[in-house]
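Undergrad: Structure in structure tokens, see below.
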Amino acid sequence: MLKILKYSFYDLIRSRWSYVYFLFYLALGFVLLFLNNDVSKAVITLMNVIIVLIPLIGTIFGVMYYYNSREFTELLLAQPIKRSSIFMGQYFGVAGSLTLSLVLGLGIPFVLYGLLRSNAIFDFSLLLITGAFLTFIFVGLSFVIAISNENKIKGFGYAVLLWLFLAVVYDGLFLMSLIVFEEYPLDTFSLVATALNPIDLSRILILLKLDISALLGYTGAIFKKFFGTDLGFLISIVILLLWTILPILGLRYKAGKKDF
Amino acid sequence: MKLDVQHIKRILGFAFLMGFQIGLANTWTVCSTCENSSIKETILRAAPYDTLLIEKGTYKEFEILVDKPLVIKGIDYPIVDGEKKGEIFRITSDDVTLDGLFVINVGVSYTKDNAAIRVVQSKNFLIQNMVLEQLFFGIYLEKSSHGKVYHNRIIGEAVDEYNSGNGIQLWYSSDIEVAKNHVQGTRDGIYLEFSDRITISDNVSMNNLRYGLHFMFSNHDVYTRNTFENNGAGVAVMFSKFITMKNNTFRKNWGTAAYGMLLKEITDAEIVGNIFEENTIGINIEGSNRIKYADNDFISNGWAIRVVGACYTNSFKGNNFLYNSFDISYNSKLNDNVFEGNFWSSYTGYDLDKDGVGDVPYRPVKLFSYVVNRTPETIVLLRSLFMDIIDFSERVSPVFTPDNLKDAQPLMKIRP
């Protein structure tokens, strides 16, 4: 598995797309800091970028890589290697290289602009950690979609649809249901609904640090417990971990059963 | 004629006697080993305008009545311990000075407002450099005027509202200066009821259960350069007129009903040059008219300004709104307030003629703030892409927000 991971990783590191991705974040970081000149404000703007773009890029990249390396995968499958290690290797290769681009691309400008001396460092690291989680989650989901669909167009379609659903449509439905059922106590429901969507969950995780004063404005014991203590932070991290593990398990299961 | 001369003589004699007394005002030293070992008894012996020097030690006394003009001065902070039995100092005479005492253990009562220092119907008093701890009420000024409460430290340990008192309370008092005090851990840090022409400056009021500073039915008061931090609500101004609030700092008032400043039924006030930082709600406004908000900084609040209802003819000019989750939340479709020349960190317009003023008006009320007002749980959707899209479409063509609620001249650069 490690060997395949290494091959995938180096293959991707050398590829043009990784550089584009890396340069995109590098430019984004520099431009944001140049325009704002204030690290904490830039962190807020970055959050919007991260919770929308990272899932999108993770999904597209994952599907693309899987379909492109199909022939290589089939060649590997002919060798006496465990199936799970082939797919795990590829998965970690893609997710790892994307995460590396993200961390370096954003990290370099922020470090140059004096992040280490600013007290926004914790917010910023949280942002990167959340970004890494989202990358792993969405690359995993896209691999599952790609492995279940032989048809490339269909696979791409489903992957983009998944992103669209989780990033936009889900929140719309969520909002509608909150307004329709506003007569009922909704705080548990809203927290559970948030946890069921990794994008929402990462958003809340970052908001816990950035907008805590607004989040505490709502009167509700469960909200207060969730947002007012470290409990919310811990629960969010644990659920994000679950979200990361589930697609991996799904991938292993699918890979084990699939007839190539 | 004769009678007149006698009269004059008598007056002269009286004046001479008074002069004699003032000129030879005695100084009494109180210490545990001295002849005078009790503050209470020494006050009985002292003549008006005498000075009492209290030396270092512990004096277990309460209900000390100061009924003549005296200067009571502590040396190296002697401790006056009320042993939780009741009120400690009660001042009923004019021209009394209390200076440098450490007063502890005021008795808690559910029927009487026991205070560490109570001033009743007096003028020209001075209370300074006092340290009050383990208290119920701290300094209670009742129907008094022309006094000064300066540089005191009041540290309470209030847990519940019903059995705690206020740090500094003014009741039916006027023309008093409250300056450089530090109040923490009480119910209301400073509380004014029916008190006019009070000046409150350079105080720090923090960690109080209810409000840092609380006005009720008090008019023509001024408070400047105070800091209010981590209180239930920073400052509550209710049912008062002509209050001036300048250069204060309101920080970290967090919670479900926590405000930097709560305005209720206020008219003709001025709120200038204050800093509101990291409060759940910067200013909560209800039924307040003709108020001028200028040159304030609203930084990283949940809601910078929340207008609850019935607010007319207010003007918001030259304020900075920086990184608040919501700049303004509004609950009606009517708007009679003016927003002009403010800086909004979320303004995205442009300035083609380069006059420093944006060419496109800024609409500070987001649709999302209406949604949150209606269904508070939706706050978990804060900053989501869906909400941004909806806010954007509302901004392009307002349906729910008042059409004229906008800043037509938003600043391009932050006001320094």
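Chain lettering (A, B, ...) mirrors the order of the structure tokens, residue numbering begins at 1 for each chain separately, and ligand numbering begins at 1 in order of display.
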Within 12 Å of chain A, which residues of chain B are there when counting only C-alpha atoms? Please give them as an NGL selection string.
TA: :B and (251-260 or 277-282 or 299-304 or 306 or 322-327 or 345-346 or 368-390 or 413-414)
Undergrad: Could you write out, as a list in words, all the residues of range 16-99 of chain B that DSSP marks as alpha helix (DSSP H)?
TA: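 Filtering range 16-99 of chain B to alpha helix (DSSP H) leaves Phe16, Leu17, Met18, Gly19, Phe20, Gln21, Ile22, Gly23, Ile39, Lys40, Glu41, Thr42, Ile43, Leu44 and Arg45 of chain B.
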Undergrad: With only C-alpha atoms as the atoms that count, which of B:Gly147, B:Gly309, B:Gly232, B:Gly138 lies nearest to Ile285 in chain B?
TA: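 The answer is B:Gly309, which sits nearest to Ile285 in chain B.
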Undergrad: Considering only C-alpha atoms, can you say which of B:Asn114, B:Asn319, B:Ser144, B:Thr401 comes closest to Lys333 in chain B?
TA: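 The shortest atom-to-atom distance to Lys333 in chain B comes from B:Thr401.
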Undergrad: Ranking B:Ser109, B:Thr29, B:Thr92, B:Asn208 by minimum distance to Ala233 in chain B and counting only C-alpha atoms, which one comes first?
TA: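 Of B:Ser109, B:Thr29, B:Thr92, B:Asn208, the one nearest Ala233 in chain B, counting only C-alpha atoms, is B:Asn208.
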Undergrad: Excluding same-chain residues fewer than 3 positions from Asp123 in chain A, what lies within 12 Å of it counting only C-alpha atoms, as a compact mmCIF listing (two decimals) with C-alpha atoms, in the first residue's frame?
TA:
# COMPACT_ATOMS: atom_id res chain seq x y z
CA VAL A 39 -4.68 38.30 9.25
CA SER A 40 -7.88 37.78 11.22
CA LYS A 41 -10.07 39.37 8.54
CA ALA A 42 -8.41 37.25 5.89
CA VAL A 43 -9.24 34.13 7.90
CA ILE A 44 -12.96 34.95 7.65
CA LEU A 46 -10.76 32.23 3.56
CA MET A 47 -13.41 30.29 5.41
CA LEU A 115 1.03 34.83 11.18
CA LEU A 116 3.35 33.31 13.75
CA SER A 118 -0.36 37.10 15.34
CA ASN A 119 -2.94 35.60 17.66
CA ALA A 120 -4.96 34.39 14.68
CA LEU A 126 -8.18 25.24 12.56
CA LEU A 127 -8.99 26.42 9.06
CA LEU A 128 -6.25 24.26 7.59
CA ILE A 129 -7.26 21.23 9.65
CA THR A 130 -10.86 21.63 8.54
CA LEU A 205 -16.42 24.30 13.60
CA ILE A 206 -14.83 27.45 12.20
CA LEU A 207 -17.69 29.67 13.35
CA LEU A 208 -17.18 28.39 16.88
CA LYS A 209 -13.99 30.37 16.83
CA LEU A 210 -14.95 33.31 14.61
CA ASP A 211 -18.58 34.17 15.27
Undergrad: Which residues, written as a PyMOL selection string, have at least one atom at most 10 Å from Gly86 in chain B, with only C-alpha atoms counted and residues fewer than 4 positions away on the same chain left out?
TA: chain B and resi 61-63+82+105-109+112-116+136
Undergrad: Run DSSP on the backbone and give me the residues of range 109-281 of chain B it puts in strand (DSSP E or B), as a VMD selection string.
TA: chain B and resid 115 to 120 123 126 to 128 131 to 133 137 to 142 145 148 to 150 153 to 155 168 to 171 174 177 to 179 182 to 184 190 to 193 196 199 to 201 204 to 206 211 to 216 222 to 224 227 to 229 233 to 241 244 to 246 249 to 251 259 to 267 270 to 272 275 to 277 281
Undergrad: Can you write out the residues you just picked, keeping C-alpha atoms, as a short mmCIF file (atom, residue, chain, number, x, y, z; two decimals), in the first residue's frame?
TA:
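Listing of result_29.cif after writing:
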data_model
loop_
_atom_site.label_atom_id
_atom_site.label_comp_id
_atom_site.auth_asym_id
_atom_site.auth_seq_id
_atom_site.Cartn_x
_atom_site.Cartn_y
_atom_site.Cartn_z
CA ALA B 115 -24.59 49.04 52.42
CA ALA B 116 -20.92 49.28 53.31
CA ILE B 117 -21.27 53.05 53.14
CA ARG B 118 -24.61 54.81 53.04
CA VAL B 119 -24.89 58.54 52.57
CA VAL B 120 -28.26 59.97 53.54
CA LYS B 123 -23.96 67.37 50.59
CA LEU B 126 -16.04 62.75 49.50
CA ILE B 127 -15.57 59.00 49.49
CA GLN B 128 -12.20 58.01 48.15
CA VAL B 131 -11.73 49.10 49.39
CA LEU B 132 -15.01 47.26 49.89
CA GLU B 133 -15.21 43.48 49.93
CA PHE B 137 -24.57 47.00 48.64
CA GLY B 138 -21.32 48.93 48.28
CA ILE B 139 -21.77 52.69 48.33
CA TYR B 140 -25.37 53.78 48.59
CA LEU B 141 -26.12 57.46 48.05
CA GLU B 142 -29.60 58.40 49.09
CA SER B 145 -25.88 65.82 46.20
CA LYS B 148 -17.64 62.78 44.90
CA VAL B 149 -17.02 59.04 44.81
CA TYR B 150 -13.45 58.69 43.70
CA ARG B 153 -12.38 49.38 44.71
CA ILE B 154 -15.52 47.34 45.14
CA ILE B 155 -15.16 43.61 44.87
CA ILE B 168 -22.49 51.98 43.70
CA GLN B 169 -26.11 53.01 43.90
CA LEU B 170 -27.47 56.51 43.54
CA TRP B 171 -31.06 57.07 44.51
CA SER B 174 -27.87 64.81 41.91
CA GLU B 177 -19.08 62.76 40.36
CA VAL B 178 -18.24 59.07 40.17
CA ALA B 179 -14.72 58.63 38.89
CA HIS B 182 -13.31 49.67 39.97
CA VAL B 183 -16.44 47.59 40.51
CA GLN B 184 -16.72 43.88 39.95
CA ILE B 190 -23.24 51.31 39.14
CA TYR B 191 -26.95 51.95 39.43
CA LEU B 192 -28.72 55.29 39.05
CA GLU B 193 -32.34 55.77 39.90
CA ASP B 196 -29.82 63.79 37.56
CA THR B 199 -20.85 62.51 35.88
CA ILE B 200 -19.43 59.02 35.59
CA SER B 201 -15.95 58.78 34.19
CA VAL B 204 -14.07 49.95 35.23
CA SER B 205 -17.10 47.77 35.77
CA MET B 206 -16.70 44.06 35.06
CA TYR B 211 -25.48 45.46 34.21
CA GLY B 212 -22.17 47.27 34.35
CA LEU B 213 -24.02 50.56 34.57
CA HIS B 214 -27.74 50.98 34.87
CA PHE B 215 -29.84 54.11 34.45
CA MET B 216 -33.47 54.32 35.50
CA VAL B 222 -22.79 62.01 31.37
CA TYR B 223 -20.56 58.98 31.28
CA THR B 224 -17.20 58.96 29.61
CA THR B 227 -14.83 50.22 30.49
CA PHE B 228 -17.57 47.62 30.76
CA GLU B 229 -16.46 44.06 30.35
CA ALA B 233 -25.14 43.51 29.82
CA GLY B 234 -22.66 46.35 29.63
CA VAL B 235 -24.90 49.34 30.16
CA ALA B 236 -28.64 49.54 30.39
CA VAL B 237 -30.17 52.93 29.85
CA MET B 238 -33.87 52.93 30.49
CA PHE B 239 -36.56 55.59 30.68
CA SER B 240 -34.04 58.44 30.73
CA LYS B 241 -33.45 61.59 28.75
CA THR B 244 -24.35 61.64 26.99
CA MET B 245 -22.22 58.56 26.43
CA LYS B 246 -18.74 59.19 25.13
CA THR B 249 -15.49 50.64 25.85
CA PHE B 250 -17.94 47.75 25.87
CA ARG B 251 -16.31 44.36 25.62
CA TYR B 259 -25.78 43.46 25.20
CA GLY B 260 -22.99 45.97 25.08
CA MET B 261 -25.62 48.60 25.56
CA LEU B 262 -29.34 48.24 26.06
CA LEU B 263 -31.46 51.27 25.28
CA LYS B 264 -35.09 51.31 26.23
CA GLU B 265 -37.33 54.37 26.08
CA ILE B 266 -34.45 56.80 25.72
CA THR B 267 -34.69 60.12 23.99
CA GLU B 270 -25.72 61.20 22.36
CA ILE B 271 -23.59 58.12 21.79
CA VAL B 272 -20.23 59.23 20.48
CA ILE B 275 -15.98 51.05 21.14
CA PHE B 276 -18.17 47.96 21.06
CA GLU B 277 -16.09 44.84 20.76
CA ILE B 281 -25.34 42.39 20.61
#
Undergrad: What's the 6 Å shell around range 18-24 of chain A, counting only C-alpha atoms, without same-chain residues fewer than 3 positions away, as a PyMOL selection string?
TA: chain A and resi 13+15+27+101+105
Undergrad: Extract, using only C-alpha atoms, all DNA, RNA and protein residues at most 12 Å from Asp76 in chain B, discarding same-chain residues fewer than 3 positions from it, and format them as a list in words.
TA: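 Listing them by chain and then by number gives Leu53, Ile54, Glu55, Lys56, Gly57, Thr58, Lys73, Ile79, Asp99, Gly100, Leu101, Phe102, Asn129, Met130 and Val131 of chain B.
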Undergrad: Just the selected residues (N, CA and C atoms), exported as a PDB file, in the first residue's frame, please.
TA:
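Below is the file that was written, result-v2.pdb:
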ATOM      1  N   LEU B  53      -7.918  59.850  62.562  1.00  0.00           N
ATOM      2  CA  LEU B  53      -6.937  59.024  61.862  1.00  0.00           C
ATOM      3  C   LEU B  53      -7.073  57.612  62.388  1.00  0.00           C
ATOM      4  N   ILE B  54      -7.412  56.680  61.508  1.00  0.00           N
ATOM      5  CA  ILE B  54      -7.585  55.298  61.943  1.00  0.00           C
ATOM      6  C   ILE B  54      -6.302  54.555  61.619  1.00  0.00           C
ATOM      7  N   GLU B  55      -5.644  54.025  62.625  1.00  0.00           N
ATOM      8  CA  GLU B  55      -4.387  53.333  62.351  1.00  0.00           C
ATOM      9  C   GLU B  55      -4.635  51.885  61.984  1.00  0.00           C
ATOM     10  N   LYS B  56      -3.612  51.266  61.470  1.00  0.00           N
ATOM     11  CA  LYS B  56      -3.750  49.902  60.960  1.00  0.00           C
ATOM     12  C   LYS B  56      -4.230  48.958  62.053  1.00  0.00           C
ATOM     13  N   GLY B  57      -5.138  48.095  61.697  1.00  0.00           N
ATOM     14  CA  GLY B  57      -5.695  47.173  62.676  1.00  0.00           C
ATOM     15  C   GLY B  57      -7.038  46.694  62.193  1.00  0.00           C
ATOM     16  N   THR B  58      -7.691  45.898  63.020  1.00  0.00           N
ATOM     17  CA  THR B  58      -9.025  45.426  62.642  1.00  0.00           C
ATOM     18  C   THR B  58     -10.035  45.985  63.627  1.00  0.00           C
ATOM     19  N   LYS B  73      -9.976  59.141  58.147  1.00  0.00           N
ATOM     20  CA  LYS B  73      -8.918  58.756  57.216  1.00  0.00           C
ATOM     21  C   LYS B  73      -8.192  57.535  57.754  1.00  0.00           C
ATOM     22  N   ILE B  79      -8.778  47.661  58.706  1.00  0.00           N
ATOM     23  CA  ILE B  79      -9.938  46.866  58.313  1.00  0.00           C
ATOM     24  C   ILE B  79     -11.117  47.195  59.222  1.00  0.00           C
ATOM     25  N   ASP B  99     -11.802  58.160  53.745  1.00  0.00           N
ATOM     26  CA  ASP B  99     -10.615  57.982  52.915  1.00  0.00           C
ATOM     27  C   ASP B  99      -9.795  56.783  53.388  1.00  0.00           C
ATOM     28  N   GLY B 100      -9.496  55.881  52.488  1.00  0.00           N
ATOM     29  CA  GLY B 100      -8.516  54.837  52.746  1.00  0.00           C
ATOM     30  C   GLY B 100      -8.877  53.800  53.788  1.00  0.00           C
ATOM     31  N   LEU B 101     -10.094  53.313  53.803  1.00  0.00           N
ATOM     32  CA  LEU B 101     -10.458  52.246  54.738  1.00  0.00           C
ATOM     33  C   LEU B 101     -10.738  50.961  53.955  1.00  0.00           C
ATOM     34  N   PHE B 102     -10.579  49.844  54.630  1.00  0.00           N
ATOM     35  CA  PHE B 102     -10.852  48.545  54.033  1.00  0.00           C
ATOM     36  C   PHE B 102     -12.099  48.012  54.745  1.00  0.00           C
ATOM     37  N   ASN B 129     -10.584  56.265  47.809  1.00  0.00           N
ATOM     38  CA  ASN B 129      -9.580  55.253  48.147  1.00  0.00           C
ATOM     39  C   ASN B 129     -10.096  54.180  49.084  1.00  0.00           C
ATOM     40  N   MET B 130     -11.368  53.888  49.034  1.00  0.00           N
ATOM     41  CA  MET B 130     -11.910  52.848  49.899  1.00  0.00           C
ATOM     42  C   MET B 130     -11.808  51.508  49.174  1.00  0.00           C
ATOM     43  N   VAL B 131     -11.649  50.441  49.964  1.00  0.00           N
ATOM     44  CA  VAL B 131     -11.731  49.102  49.394  1.00  0.00           C
ATOM     45  C   VAL B 131     -12.890  48.396  50.086  1.00  0.00           C
TER      46      VAL B 131
END
Undergrad: Residues at most 8 Å from Ala47 in chain B, counting only C-alpha atoms, excluding those fewer than 6 positions away in the same chain, as a PyMOL selection string?
TA: chain B and resi 25-26+68
Undergrad: Write a file of the just-selected residues containing C-alpha atoms, as a CSV table (one decimal), in the first residue's frame.
TA:
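Listing of selection_10.csv after writing:
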chain,number,residue,atom,x,y,z
B,25,ALA,CA,-10.0,71.4,64.6
B,26,ASN,CA,-8.8,68.4,66.6
B,68,LYS,CA,-21.3,65.6,62.0
Undergrad: Quick check, in Å to one decimal: how far apart do CA of Thr45 in chain A and CA of Ile222 in chain A lie?
TA: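 Between CA of Thr45 in chain A and CA of Ile222 in chain A the gap works out to 28.6 Å.
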Undergrad: Between CA of Val238 in chain A and CA of Ser85 in chain A, what is the distance in Å, rounded to a tenth?
TA: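 Straight-line distance from CA of Val238 in chain A to CA of Ser85 in chain A works out to 25.2 Å.
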